[in-house]
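First the structure, in the form of structure tokens, and then the observations on it.
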Amino acid sequence: MRLAWNRNPRASYKRPVENSSSLPGGFRPRARRRFGAWASAVAVACAFVASPLPAAAQLTAGRASAATEIVHVKISGPLDVGTQSLMRRGIERAKAGPHALIVELDTPGGEMELMFKLATQLADANKDGVLTIAWIHDHAYSAGALVALSCERIYSSAQGAIGAAAVVEVRDGQVHSIEDDPGKAAKVNAAVRSAFRAFAESHHRPAALAEGMVDRMVGVKQVRTKDGELRVVTQSEFEDGTARAGEMQLVHTIAERGNLVALSGSQAVMFGLADGVADSLQDLLGMVGFAGANIVSVERARSEDLATWLSSVYYVLIGLGLMALIAEFKSPGFGLAGAIAIACFALALFGEYLVGLADVPHLVAVGLGLVLVAVELFLMPGAVWPGAIGAALVFGGLAFAQMGPGFLTSPFGRELALDNALEFLLGLLVAVCAAGVLSRWLPKTPLVGRLVLTGPSLPVPGGAPARELVRAPQLGERGLALTPLRPVGKVRLADQADEVEARASGVAIDAGARVKVVAVEGLRAVVEQEAERGA
């Protein structure tokens, strides 16, 4: 089960009959400031008395030239893990030089968890001094709407559209509305609404529009207050305002209750969600003060497609790795099963590293965990704490490698992190059960059964009965350790000439020590060292 976005929403709104220039009160988008000339003069004066402006500030002050580079990333089609990797490369390129990034959007949306990770990436880039600009070339529906809201500036083409971010649930390949379960719908919508509202407020955009994109029961109005200010409010805020002696006068109904907010490019500008309408990248550069700048496009690479594929089989790799690790524990020395386990974990972490989620701490945690598990198996058998700590580091590193930085800083992110942890634990339980079943079932299959020496005896020419080639050890039998048991190795029992696989029941047993069978696991003996006999 996963949460995704409604990619074919039925959203409606009442189209305004006035444009932004004819609205009473002179409503202007955020990009238009009456004190712009004074701000420019102050900026020029500061250039003579202060240190040089950062690169992004110089660009926005209108100093772009042909030598100026602006990084451009295009997100087209449904969001996937490759999109996250592409975004990471674009942000790193912008940090290295121009400190400005244009994110071109033409997407119907994607999974909710991925949406939050992309928005967090852009928010972190804003904090690091990168000027992020969203350009809605065609549409930014669902998760794409939050990607746009997480940018410092938003522009749209005339045919662009944004909004309609209803959450849906995908089960068994089918899309189901979460509104079928009122309890779940209330919980999920509250979490997603808070995320949309927080990103909108952080960039001084109407929070009511952001909430109305997610929850169809919000209802959004444009009103005029008593002092003549135009505001965008929710239906509840409007009802409260009119109840207080008519503090709000209705101007437009943007979305009735029961409909999601979905805005065209011009409407997004009119209601203060976007900063302007730009029909081409060159128009956009001129509007943001980068006229004449050189556009450096970061294209999607094959590594993004590889990251997408590895992410789709992440839990398969983890499950196979766990099953191979369990098989390795039950076999002597280090063999094929251990190599398969390491390869599966490495591929899973590599996929998350390509995306930018897995980092050095995750790799160190998994590596250190495997070392501690090996210490328990080969150096300190019977000691519990190395294996327990090692297993916790391995599972924690693999689980947190999916979350990325800043994932636990919001209630929405923490809820998704909890879901990931539960999914990981469920996968671990399935892997352990599958390993137990396969270890009992595979030896009985025709193919694998031929590889196992069974059968009580073989006839010897001349009629003399042959001794058993392979038989199960018996409780109480005594023998000699042929190899060190740390904890698995080989022993020879008193009445058998062949080697028998054995596991130490407690501390490690050195080669040459006398042992006694205390338990039997199939054809494997569980032994303990006998005390030395007196002279």
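If you're wondering about the labels, chains in the structure tokens are A, B, ... by order shown, residues count from 1 in each chain, ligands from 1 in order shown.
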For Cys151 of chain A, list every protein, DNA or RNA residue within 10 Å, evaluated using only C-alpha atoms, and leave out those in the same chain fewer than 5 positions away; present the list as a PyMOL selection string. chain A and resi 101-103+119+122-123+125-126+130-135+146+199-200+202-203
For the selection just defined, write its residues with N, CA, C and O atoms to a file, as a short mmCIF file (atom, residue, chain, number, x, y, z; two decimals), in the first residue's frame.
data_model
loop_
_atom_site.label_atom_id
_atom_site.label_comp_id
_atom_site.auth_asym_id
_atom_site.auth_seq_id
_atom_site.Cartn_x
_atom_site.Cartn_y
_atom_site.Cartn_z
N LEU A 101 18.61 28.47 -9.65
CA LEU A 101 18.12 27.24 -10.26
C LEU A 101 16.70 27.45 -10.75
O LEU A 101 15.82 27.87 -9.99
N ILE A 102 16.47 27.14 -12.03
CA ILE A 102 15.12 27.16 -12.60
C ILE A 102 14.63 25.72 -12.70
O ILE A 102 15.27 24.87 -13.30
N VAL A 103 13.48 25.45 -12.07
CA VAL A 103 12.88 24.12 -12.11
C VAL A 103 11.66 24.19 -13.01
O VAL A 103 10.63 24.78 -12.65
N ALA A 119 10.47 18.48 -2.10
CA ALA A 119 10.24 19.79 -1.49
C ALA A 119 11.31 20.11 -0.44
O ALA A 119 11.77 21.25 -0.34
N LEU A 122 14.56 21.28 -2.13
CA LEU A 122 14.52 22.66 -2.58
C LEU A 122 14.54 23.63 -1.40
O LEU A 122 15.18 24.68 -1.47
N ALA A 123 13.86 23.28 -0.31
CA ALA A 123 13.89 24.14 0.87
C ALA A 123 15.29 24.24 1.44
O ALA A 123 15.74 25.33 1.85
N ALA A 125 18.03 23.89 -0.30
CA ALA A 125 18.79 24.70 -1.25
C ALA A 125 18.54 26.19 -1.01
O ALA A 125 19.47 27.00 -1.10
N ASN A 126 17.30 26.56 -0.70
CA ASN A 126 17.00 27.96 -0.37
C ASN A 126 17.83 28.43 0.81
O ASN A 126 18.39 29.53 0.80
N VAL A 130 20.75 29.26 -2.57
CA VAL A 130 20.39 29.07 -3.97
C VAL A 130 19.02 29.68 -4.22
O VAL A 130 18.06 29.37 -3.50
N LEU A 131 18.93 30.56 -5.20
CA LEU A 131 17.65 31.16 -5.58
C LEU A 131 16.90 30.14 -6.44
O LEU A 131 17.32 29.82 -7.56
N THR A 132 15.81 29.59 -5.94
CA THR A 132 15.04 28.58 -6.66
C THR A 132 13.83 29.20 -7.30
O THR A 132 13.07 29.93 -6.66
N ILE A 133 13.64 28.92 -8.59
CA ILE A 133 12.55 29.51 -9.37
C ILE A 133 11.78 28.37 -10.04
O ILE A 133 12.35 27.60 -10.81
N ALA A 134 10.50 28.25 -9.75
CA ALA A 134 9.66 27.26 -10.41
C ALA A 134 9.01 27.89 -11.63
O ALA A 134 8.44 28.99 -11.55
N TRP A 135 9.10 27.19 -12.76
CA TRP A 135 8.44 27.65 -13.98
C TRP A 135 7.48 26.54 -14.43
O TRP A 135 7.90 25.48 -14.85
N LEU A 146 3.36 21.01 -4.73
CA LEU A 146 4.20 21.30 -3.57
C LEU A 146 5.64 21.57 -3.99
O LEU A 146 6.33 22.38 -3.36
N PHE A 199 4.79 25.41 3.54
CA PHE A 199 5.62 25.86 2.43
C PHE A 199 5.06 27.15 1.81
O PHE A 199 5.83 28.02 1.39
N ALA A 200 3.74 27.27 1.75
CA ALA A 200 3.17 28.51 1.21
C ALA A 200 3.48 29.70 2.10
O ALA A 200 3.89 30.76 1.61
N SER A 202 5.92 30.06 4.16
CA SER A 202 7.35 30.38 4.22
C SER A 202 7.77 31.31 3.10
O SER A 202 8.79 31.99 3.21
N HIS A 203 6.99 31.35 2.00
CA HIS A 203 7.29 32.25 0.89
C HIS A 203 6.20 33.31 0.70
O HIS A 203 6.07 33.89 -0.38
#
Neighbouring residues of Lys516 of chain A were defined as those with any atom within 6 Å, considering only C-alpha atoms; residues of the same chain fewer than 6 positions away were excluded. Please report them as a PyMOL selection string. chain A and resi 477-478+527-528
Written selection (all heavy atoms) as a PDB file, in the first residue's frame:
ATOM      1  N   GLU A 477      26.980 -38.730  21.358  1.00  0.00           N
ATOM      2  CA  GLU A 477      28.185 -39.192  20.678  1.00  0.00           C
ATOM      3  C   GLU A 477      29.345 -38.252  20.967  1.00  0.00           C
ATOM      4  O   GLU A 477      29.166 -37.043  21.132  1.00  0.00           O
ATOM      5  CB  GLU A 477      27.941 -39.272  19.168  1.00  0.00           C
ATOM      6  CG  GLU A 477      27.111 -40.459  18.733  1.00  0.00           C
ATOM      7  CD  GLU A 477      27.094 -40.580  17.227  1.00  0.00           C
ATOM      8  OE1 GLU A 477      26.360 -39.804  16.580  1.00  0.00           O
ATOM      9  OE2 GLU A 477      27.811 -41.458  16.682  1.00  0.00           O
ATOM     10  N   ARG A 478      30.540 -38.841  20.962  1.00  0.00           N
ATOM     11  CA  ARG A 478      31.747 -38.067  21.218  1.00  0.00           C
ATOM     12  C   ARG A 478      32.646 -38.116  19.993  1.00  0.00           C
ATOM     13  O   ARG A 478      32.585 -39.061  19.197  1.00  0.00           O
ATOM     14  CB  ARG A 478      32.471 -38.600  22.460  1.00  0.00           C
ATOM     15  CG  ARG A 478      31.737 -38.310  23.753  1.00  0.00           C
ATOM     16  CD  ARG A 478      32.444 -38.924  24.948  1.00  0.00           C
ATOM     17  NE  ARG A 478      31.863 -38.453  26.201  1.00  0.00           N
ATOM     18  CZ  ARG A 478      30.765 -38.931  26.753  1.00  0.00           C
ATOM     19  NH1 ARG A 478      30.111 -39.914  26.152  1.00  0.00           N
ATOM     20  NH2 ARG A 478      30.312 -38.446  27.886  1.00  0.00           N
ATOM     21  N   VAL A 527      27.577 -29.286  19.248  1.00  0.00           N
ATOM     22  CA  VAL A 527      28.510 -29.918  20.178  1.00  0.00           C
ATOM     23  C   VAL A 527      28.990 -28.918  21.216  1.00  0.00           C
ATOM     24  O   VAL A 527      28.921 -27.698  21.014  1.00  0.00           O
ATOM     25  CB  VAL A 527      29.714 -30.518  19.424  1.00  0.00           C
ATOM     26  CG1 VAL A 527      29.270 -31.570  18.425  1.00  0.00           C
ATOM     27  CG2 VAL A 527      30.509 -29.425  18.720  1.00  0.00           C
ATOM     28  N   GLU A 528      29.503 -29.465  22.295  1.00  0.00           N
ATOM     29  CA  GLU A 528      30.185 -28.657  23.300  1.00  0.00           C
ATOM     30  C   GLU A 528      31.473 -29.368  23.669  1.00  0.00           C
ATOM     31  O   GLU A 528      31.611 -30.592  23.530  1.00  0.00           O
ATOM     32  CB  GLU A 528      29.303 -28.447  24.523  1.00  0.00           C
ATOM     33  CG  GLU A 528      28.954 -29.711  25.275  1.00  0.00           C
ATOM     34  CD  GLU A 528      28.075 -29.454  26.485  1.00  0.00           C
ATOM     35  OE1 GLU A 528      27.470 -28.357  26.560  1.00  0.00           O
ATOM     36  OE2 GLU A 528      27.988 -30.351  27.346  1.00  0.00           O
TER      37      GLU A 528
END
Residue nearest Ser236 of chain A - candidates A:Met323, A:Val220, A:Val296, A:Leu79, atoms counted: only C-alpha atoms: A:Val220
Mind checking which residues fall within 12 Å of segment 179-183 of chain A, counting only C-alpha atoms, ignoring those fewer than 3 positions away in the same chain, and posting them as a list of chain:residue names? A:Ala166, A:Val167, A:Val168, A:Glu169, A:Val175, A:His176, A:Ala186, A:Lys187, A:Val188, A:Asn189, A:Ala190, A:Asp215, A:Arg216, A:Met217, A:Gly258
Please produce an output containing all heavy atoms for each residue in the selection, written as an mmCIF file, in the first residue's frame.
data_model
loop_
_atom_site.group_PDB
_atom_site.id
_atom_site.type_symbol
_atom_site.label_atom_id
_atom_site.label_comp_id
_atom_site.auth_asym_id
_atom_site.auth_seq_id
_atom_site.Cartn_x
_atom_site.Cartn_y
_atom_site.Cartn_z
ATOM 1 N N ALA A 166 -5.238 16.155 -4.498
ATOM 2 C CA ALA A 166 -5.929 15.199 -3.627
ATOM 3 C C ALA A 166 -5.089 13.938 -3.458
ATOM 4 O O ALA A 166 -4.494 13.440 -4.410
ATOM 5 C CB ALA A 166 -7.289 14.838 -4.212
ATOM 6 N N VAL A 167 -5.051 13.416 -2.244
ATOM 7 C CA VAL A 167 -4.297 12.200 -1.948
ATOM 8 C C VAL A 167 -5.169 10.983 -2.236
ATOM 9 O O VAL A 167 -6.333 10.941 -1.853
ATOM 10 C CB VAL A 167 -3.846 12.188 -0.473
ATOM 11 C CG1 VAL A 167 -3.004 10.954 -0.188
ATOM 12 C CG2 VAL A 167 -3.055 13.449 -0.144
ATOM 13 N N VAL A 168 -4.585 10.014 -2.924
ATOM 14 C CA VAL A 168 -5.274 8.749 -3.186
ATOM 15 C C VAL A 168 -4.394 7.615 -2.679
ATOM 16 O O VAL A 168 -3.224 7.807 -2.381
ATOM 17 C CB VAL A 168 -5.588 8.563 -4.690
ATOM 18 C CG1 VAL A 168 -6.567 9.608 -5.163
ATOM 19 C CG2 VAL A 168 -4.308 8.586 -5.511
ATOM 20 N N GLU A 169 -4.971 6.436 -2.606
ATOM 21 C CA GLU A 169 -4.262 5.270 -2.097
ATOM 22 C C GLU A 169 -4.172 4.230 -3.198
ATOM 23 O O GLU A 169 -5.162 3.944 -3.879
ATOM 24 C CB GLU A 169 -5.008 4.703 -0.889
ATOM 25 C CG GLU A 169 -4.244 3.630 -0.142
ATOM 26 C CD GLU A 169 -4.981 3.205 1.115
ATOM 27 O OE1 GLU A 169 -6.223 3.037 1.067
ATOM 28 O OE2 GLU A 169 -4.334 3.032 2.150
ATOM 29 N N VAL A 175 -6.241 2.345 -7.929
ATOM 30 C CA VAL A 175 -6.298 3.620 -7.228
ATOM 31 C C VAL A 175 -7.609 3.704 -6.460
ATOM 32 O O VAL A 175 -8.691 3.494 -7.026
ATOM 33 C CB VAL A 175 -6.185 4.801 -8.220
ATOM 34 C CG1 VAL A 175 -6.314 6.132 -7.479
ATOM 35 C CG2 VAL A 175 -4.858 4.748 -8.960
ATOM 36 N N HIS A 176 -7.501 3.999 -5.156
ATOM 37 C CA HIS A 176 -8.683 4.101 -4.297
ATOM 38 C C HIS A 176 -8.661 5.457 -3.594
ATOM 39 O O HIS A 176 -7.609 5.936 -3.174
ATOM 40 C CB HIS A 176 -8.698 2.984 -3.251
ATOM 41 C CG HIS A 176 -8.639 1.610 -3.835
ATOM 42 N ND1 HIS A 176 -9.762 0.894 -4.189
ATOM 43 C CD2 HIS A 176 -7.578 0.808 -4.135
ATOM 44 C CE1 HIS A 176 -9.407 -0.273 -4.671
ATOM 45 N NE2 HIS A 176 -8.085 -0.355 -4.644
ATOM 46 N N ALA A 186 -9.198 12.009 7.220
ATOM 47 C CA ALA A 186 -8.982 13.155 8.110
ATOM 48 C C ALA A 186 -7.532 13.231 8.562
ATOM 49 O O ALA A 186 -6.930 14.318 8.592
ATOM 50 C CB ALA A 186 -9.916 13.052 9.320
ATOM 51 N N LYS A 187 -6.951 12.095 8.895
ATOM 52 C CA LYS A 187 -5.572 12.074 9.374
ATOM 53 C C LYS A 187 -4.587 12.471 8.284
ATOM 54 O O LYS A 187 -3.719 13.331 8.489
ATOM 55 C CB LYS A 187 -5.243 10.674 9.897
ATOM 56 C CG LYS A 187 -3.826 10.518 10.416
ATOM 57 C CD LYS A 187 -3.584 9.100 10.894
ATOM 58 C CE LYS A 187 -2.147 8.924 11.360
ATOM 59 N NZ LYS A 187 -1.888 7.526 11.808
ATOM 60 N N VAL A 188 -4.710 11.838 7.099
ATOM 61 C CA VAL A 188 -3.774 12.105 6.017
ATOM 62 C C VAL A 188 -3.937 13.526 5.496
ATOM 63 O O VAL A 188 -2.950 14.248 5.276
ATOM 64 C CB VAL A 188 -3.965 11.071 4.895
ATOM 65 C CG1 VAL A 188 -3.094 11.431 3.695
ATOM 66 C CG2 VAL A 188 -3.625 9.678 5.399
ATOM 67 N N ASN A 189 -5.176 13.962 5.278
ATOM 68 C CA ASN A 189 -5.399 15.315 4.761
ATOM 69 C C ASN A 189 -4.878 16.376 5.710
ATOM 70 O O ASN A 189 -4.331 17.395 5.278
ATOM 71 C CB ASN A 189 -6.888 15.543 4.490
ATOM 72 C CG ASN A 189 -7.357 14.882 3.210
ATOM 73 O OD1 ASN A 189 -6.556 14.600 2.323
ATOM 74 N ND2 ASN A 189 -8.648 14.627 3.106
ATOM 75 N N ALA A 190 -5.036 16.149 7.017
ATOM 76 C CA ALA A 190 -4.517 17.123 7.989
ATOM 77 C C ALA A 190 -3.000 17.233 7.887
ATOM 78 O O ALA A 190 -2.436 18.334 7.928
ATOM 79 C CB ALA A 190 -4.933 16.720 9.399
ATOM 80 N N ASP A 215 -7.438 19.477 0.145
ATOM 81 C CA ASP A 215 -8.698 19.052 0.767
ATOM 82 C C ASP A 215 -9.866 19.743 0.076
ATOM 83 O O ASP A 215 -9.994 20.982 0.129
ATOM 84 C CB ASP A 215 -8.670 19.390 2.261
ATOM 85 C CG ASP A 215 -9.791 18.715 3.029
ATOM 86 O OD1 ASP A 215 -10.768 18.276 2.396
ATOM 87 O OD2 ASP A 215 -9.693 18.644 4.264
ATOM 88 N N ARG A 216 -10.728 18.965 -0.532
ATOM 89 C CA ARG A 216 -11.850 19.545 -1.274
ATOM 90 C C ARG A 216 -12.903 20.168 -0.359
ATOM 91 O O ARG A 216 -13.786 20.879 -0.825
ATOM 92 C CB ARG A 216 -12.490 18.486 -2.174
ATOM 93 C CG ARG A 216 -13.156 17.349 -1.439
ATOM 94 C CD ARG A 216 -13.769 16.342 -2.408
ATOM 95 N NE ARG A 216 -12.765 15.588 -3.126
ATOM 96 C CZ ARG A 216 -12.495 15.751 -4.420
ATOM 97 N NH1 ARG A 216 -13.178 16.649 -5.120
ATOM 98 N NH2 ARG A 216 -11.581 15.020 -5.010
ATOM 99 N N MET A 217 -12.843 19.900 0.942
ATOM 100 C CA MET A 217 -13.824 20.452 1.867
ATOM 101 C C MET A 217 -13.381 21.780 2.471
ATOM 102 O O MET A 217 -14.061 22.318 3.338
ATOM 103 C CB MET A 217 -14.099 19.451 2.990
ATOM 104 C CG MET A 217 -14.678 18.132 2.511
ATOM 105 S SD MET A 217 -16.107 18.349 1.403
ATOM 106 C CE MET A 217 -17.260 19.154 2.515
ATOM 107 N N GLY A 258 -16.209 21.050 -1.688
ATOM 108 C CA GLY A 258 -16.479 19.894 -2.535
ATOM 109 C C GLY A 258 -15.636 19.887 -3.785
ATOM 110 O O GLY A 258 -15.603 18.882 -4.496
#
In Å to one decimal, how far is atom CA of Ala143 of chain A from atom CA of Val232 of chain A?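 We find that atom CA of Val232 of chain A and atom CA of Ala143 of chain A lie 22.0 Å from each other.
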Which residue of A:Gly228, A:Gly427, A:Gly276, A:Gly97 approaches Leu320 of chain A most closely, using only C-alpha atoms: A:Gly427
Contacts of Leu523 of chain A within 8 Å, only C-alpha atoms, excl. fewer than 3 positions in-chain, as a list in words: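 Neighbouring residues, sequence-local ones excluded: Arg471, Ala472, Pro473, Val500, Glu501 and Val520 of chain A.
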How many Å separate atom CA of Gln282 of chain A from atom CA of Pro98 of chain A?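 Atom CA of Pro98 of chain A lies at a distance of 16.8 Å from atom CA of Gln282 of chain A.
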Would you mind reading off the distance between atom CA of Met270 of chain A and atom CA of His72 of chain A, one decimal, in Å?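 Atom CA of His72 of chain A lies 25.9 Å from atom CA of Met270 of chain A.
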Find the residue from A:Ser177, A:Ser194, A:Gln249, A:Ser266 that sits nearest to Ile162 of chain A; use only C-alpha atoms when measuring.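 Answer, going by the shortest atom-to-atom distance: A:Ser266.
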